[in-house]
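Everything on this sheet refers to the single structure shown next.
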Amino acid sequence: MKVKTRFAPSPTGRMHVGNLRTALYAYLIARHADGTFMLRIEDTDQERFYEGALDIIYRTLEKAGLDFDEGPDKDGGVGPYVQSERCRAGIYMDYAKKLVETGHAYYCFCTKERLESLRRTVGGKEISVYDKHCLHLTKEEVEEKLAAGMPYVIRLNAPVEGTTTFHDEIYGDITVENAELDDMILIKSDGFPTYNFANVVDDHLMGITHVVRGNEYLASSPKYNLLYEAFGWEVPVYVHCPLITDENHTKLSKRSGHSSFEDLLDLGLLPEAIVNYVALLGWSPEDNEEIKSLPELIRDFDYRKISKSPAVFDMGKLRWMNGEYIRRMDDASYYKLALPVVAETVPGARNPELLADLAKTRIETFAEIPEIIDFFAAVPEYDTEMYVHKKMKTTKELSLTVLGEVLPVLTDADDFSNDALFALLGDFAKANGYKNGQVMWPVRTALSGKEKTPGGATQLLEILGKEESLKRIEAAIRKLEEAAA
RNA sequence: GGCCCCAUGGUCAAGUGGUCAAGACACCACCCUUUCACGGUGGUAACAGCAGUUCGAACCUGCUUGGGGUCACCA
């Protein structure tokens with residue numbers, strides 16, 4: 001049997017990383033087995049739907065590299081792929097009525113008020129269990145109310161005795177008392193199906209073989225079996241993924257600021273790194289190799305090895321991984337992303353590629369480029385105390401002296417390339433009885449005004465060029481003189 | 001609160017009856033080095049607890065504790 005999985009998001013906002021991982025796993029399972037990956041839009045909640053959400057879904061899947069074989073704009077013969085359209089075609093109502101005919105479901109006319117009275121609060125949470133009130137309506141009574149245009153819902157008639165066992169590939173068999181199962185609503189009063197119902201009907205009709213979804217649905221899964229049984233349909237393979245939590249071990253929330261794929265992109269992270277990292281939340285490859293491209297993930301992914309326990313989303317490790325991706329990028333790809341940031345930070349830089357190169361091994365996200373190279377645009381205000389460095393054995397006085405002596409040497413220099421300059425300053429130090437650091441440190445400080453810089457003194461000289469370098473050293477000499485006076 | 005699930009270092013996570021309990025992130029130290037990074041080497045750090053099964057338990061069983069999820073005309 002050919003494997004077919006689906007990703008079935010509801011268009012309600014940015015894509016949560018938990019959803020992204022669910023999509024990824026569904027994708028990997030399909031691709032690994034050379035199967036089909038499908039996209040279905042679950043827009044049965046008319047109130048929560050909003051316009052841009054659909055674009056977010058498409059954009060996210062595209063950026064993440066999760067291409068689908070069937071979906072709203074790619075007919076695979078089992079469409080439509082948008083539930084609101086399927087609803088309009090009457091699919092859900094037809095199937096719900098079949099269940100009513102066989103006694104597996106029934107019409108319910110209970111008012112909001114009556115339902116409200118069934119509600120009670122336990123342990124700070126509001127819970128509600130339906131009492132099968134409308135199950136005992138006679139056929140005539142139902143017809144009458146229907147004819148009168150009374151609003152209704154259709155509920156599943158769950159058995160009150162016995163148990164239901166549900167099988168999940170990851171969690172094994174889960175058995176619950178049927179008495180625990182509520183008579184869930186299949187069709188809402190607005191005529192739309194509930195998520196649960198639409199899901200089962202569509203997964204069956206669309207030939208889904210492996211249902212991949214989040215652990216939060218685990219508890220409601222036995223209800224699905226009831227539905228499959230009522231229809232006499234074969235139950236698909238269920239794969240529930242462990243939850244992804246924040247550092248407090250609770251569900252990742254918008255408050256964390258990095259709960260969605262787009263939040264992460266906004267933080268300057270690469271889609272490939274995000275996908276790679278998220279794949280490792282709840283699964284680990286046999287070869288112990290963490291950096292894996294999408295094709296490699298497809299090759300190695302084995303859903304039977306997905307773990308059961310929830311995983312904390314570790315921003316630190318994602319950032320590290322992003323840094324690894326940056327370092328492994330080829331020049332063209334790297335420049336494409338880095339150069340715009342460089343141009344913005346150091347307008348009119350004479351050698352933007354060099355600046356980008358300097359940042360490459362020093363950043364974890366592109367958002368960090370400015371703080372690393374901003375001094376190339378202008379020397380920031382700095383304290384002359386920076387010239388004092390114990391390890392380099394420098395003092396303000398010595399720095400002033402050295403800079404004064406180095407200035408003419410550099411002025412006479414013809415070759416302003418790093419290697420030549422390094423040799424030049426090295427010889428200068430030796431000839432005057434200085435340690436290397438006693439020359440390099442003051443020069444670097446004069447050029448950058450920073451304690452830490454990408455590259456050493458001579459690299460900075462090369463990049464700044466002779467004219468600008470001499471200007472900066474002169475300015476530094478004045479600054480040191482003023483401080484001494 | 002009922003029900004369900006989970007439990008190896010701070011985090012991710014190997015491990016499926018016999019291991020000095022992998023590896024990665026983070027952290028620390030050292031090396032490299034014109035500072036900082038990158039890179040390299042090494043280090044600190046874990047089987048929640050208690051019983052039981054067994055010659056032997058991180059692995060099997062039970063209980064306890066802890067954590068999470070779920071109980072909607074939301075998905």
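Residue numbering restarts at 1 in every chain; chains get A, B, ... in the order shown in the structure tokens, and ligands count up from 1 in that same order.
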
Residues of chain B within 10 Å of chain A, counting only C-alpha atoms (C1' of nucleotides), what are they? List them as a PyMOL selection string. chain B and resi 1-7+11-14+22-26+33-38+67-75

Name the residues in contact with C28 in chain B at a cut-off of 12 Å, using only C-alpha atoms (C1' of nucleotides), excluding same-chain residues fewer than 4 positions from it; report them as a list in words. G42, G43, U44 and A45 of chain B

Using C-alpha atoms (C1' of nucleotides), can you write the selected residues to a file as a compact mmCIF listing (two decimals), in the first residue's frame?
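Result written to again.txt:
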# COMPACT_ATOMS: atom_id res chain seq x y z
C1' G B 42 40.14 17.98 27.76
C1' G B 43 36.66 18.65 31.87
C1' U B 44 32.13 19.44 35.26
C1' A B 45 27.28 17.28 34.97

How would you write, as a PyMOL selection string, the set of residues in range 11-225 of chain A that DSSP gives as helix (DSSP H, G or I)? chain A and resi 17-32+53-64+83-88+91-101+112-118+133-136+139-147+178-180+195-205+215-225

For U8 in chain B, find every residue with an atom within 9 Å (counting only C-alpha atoms (C1' of nucleotides)), except residues of its own chain fewer than 6 positions away, and show them as a ChimeraX atom specification. /B:21,46-47,58

Contacts of Val341 in chain A within 9 Å, only C-alpha atoms (C1' of nucleotides), excl. fewer than 2 positions in-chain, as a PyMOL selection string: chain A and resi 337-339+343-346+356+366-367+369-370

For those residues, write C-alpha atoms to a file as a PDB file, in the first residue's frame.
ATOM      1  CA  LEU A 337      21.882  37.373   2.516  1.00  0.00           C
ATOM      2  CA  ALA A 338      24.757  39.159   4.216  1.00  0.00           C
ATOM      3  CA  LEU A 339      25.519  41.969   1.762  1.00  0.00           C
ATOM      4  CA  ALA A 343      25.333  47.833   3.039  1.00  0.00           C
ATOM      5  CA  GLU A 344      22.885  49.062   5.608  1.00  0.00           C
ATOM      6  CA  THR A 345      25.410  49.033   8.422  1.00  0.00           C
ATOM      7  CA  VAL A 346      28.340  50.508   6.544  1.00  0.00           C
ATOM      8  CA  ALA A 356      30.759  40.038   5.123  1.00  0.00           C
ATOM      9  CA  PHE A 366      22.328  37.665  10.269  1.00  0.00           C
ATOM     10  CA  ALA A 367      20.877  40.063  12.770  1.00  0.00           C
ATOM     11  CA  ILE A 369      26.204  41.460  11.598  1.00  0.00           C
ATOM     12  CA  PRO A 370      25.732  45.149  12.460  1.00  0.00           C
TER      13      PRO A 370
END

Polymer residues at most 7 Å from Asp183 in chain A, only C-alpha atoms (C1' of nucleotides), same-chain spacing of 4 or more positions, as number ranges by chain: A: 130, 155-158

Which residues come within 7 Å of Pro72 in chain A, counting only C-alpha atoms (C1' of nucleotides), excluding same-chain residues fewer than 6 positions away, as a list in words?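 Close residues of Pro72 in chain A: Pro80, Tyr81 and Val82 of chain A.
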
Quick one: write out the picked residues with N, CA and C atoms as a tab-separated table (two decimals), in the first residue's frame?
chain	number	residue	atom	x	y	z
A	80	PRO	N	-12.58	18.46	-3.36
A	80	PRO	CA	-11.74	19.62	-3.04
A	80	PRO	C	-10.92	19.42	-1.76
A	81	TYR	N	-9.89	20.27	-1.63
A	81	TYR	CA	-8.97	20.11	-0.51
A	81	TYR	C	-9.15	21.18	0.58
A	82	VAL	N	-10.24	21.91	0.42
A	82	VAL	CA	-10.56	22.92	1.42
A	82	VAL	C	-11.88	22.53	2.04

Can you list every residue in range 11-223 of chain A that DSSP puts in strand (DSSP E or B), as an MDAnalysis selection string? chainID A and resid 16 36:39 41 70:71 74 82 105:108 120:122 125:127 153:156 163:168 172:177 185:187 193 210:214

Nearby residues (only C-alpha atoms (C1' of nucleotides)) at most 12 Å from A51 in chain B, same-chain spacing under 5 positions excluded, as a PyMOL selection string: chain B and resi 61-64

Using only C-alpha atoms (C1' of nucleotides), please write the residues we just selected to a file, as an mmCIF file, in the first residue's frame.
data_model
loop_
_atom_site.group_PDB
_atom_site.id
_atom_site.type_symbol
_atom_site.label_atom_id
_atom_site.label_comp_id
_atom_site.auth_asym_id
_atom_site.auth_seq_id
_atom_site.Cartn_x
_atom_site.Cartn_y
_atom_site.Cartn_z
ATOM 1 C "C1'" U B 61 6.377 -5.176 37.109
ATOM 2 C "C1'" G B 62 3.858 -2.387 40.958
ATOM 3 C "C1'" C B 63 3.387 1.788 43.980
ATOM 4 C "C1'" U B 64 4.789 6.852 45.110
#

Kindly give the distance, in Å, that separates CA of Leu421 in chain A and CA of Lys466 in chain A, rounded to a single decimal.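 These two atoms are separated by 10.9 Å.
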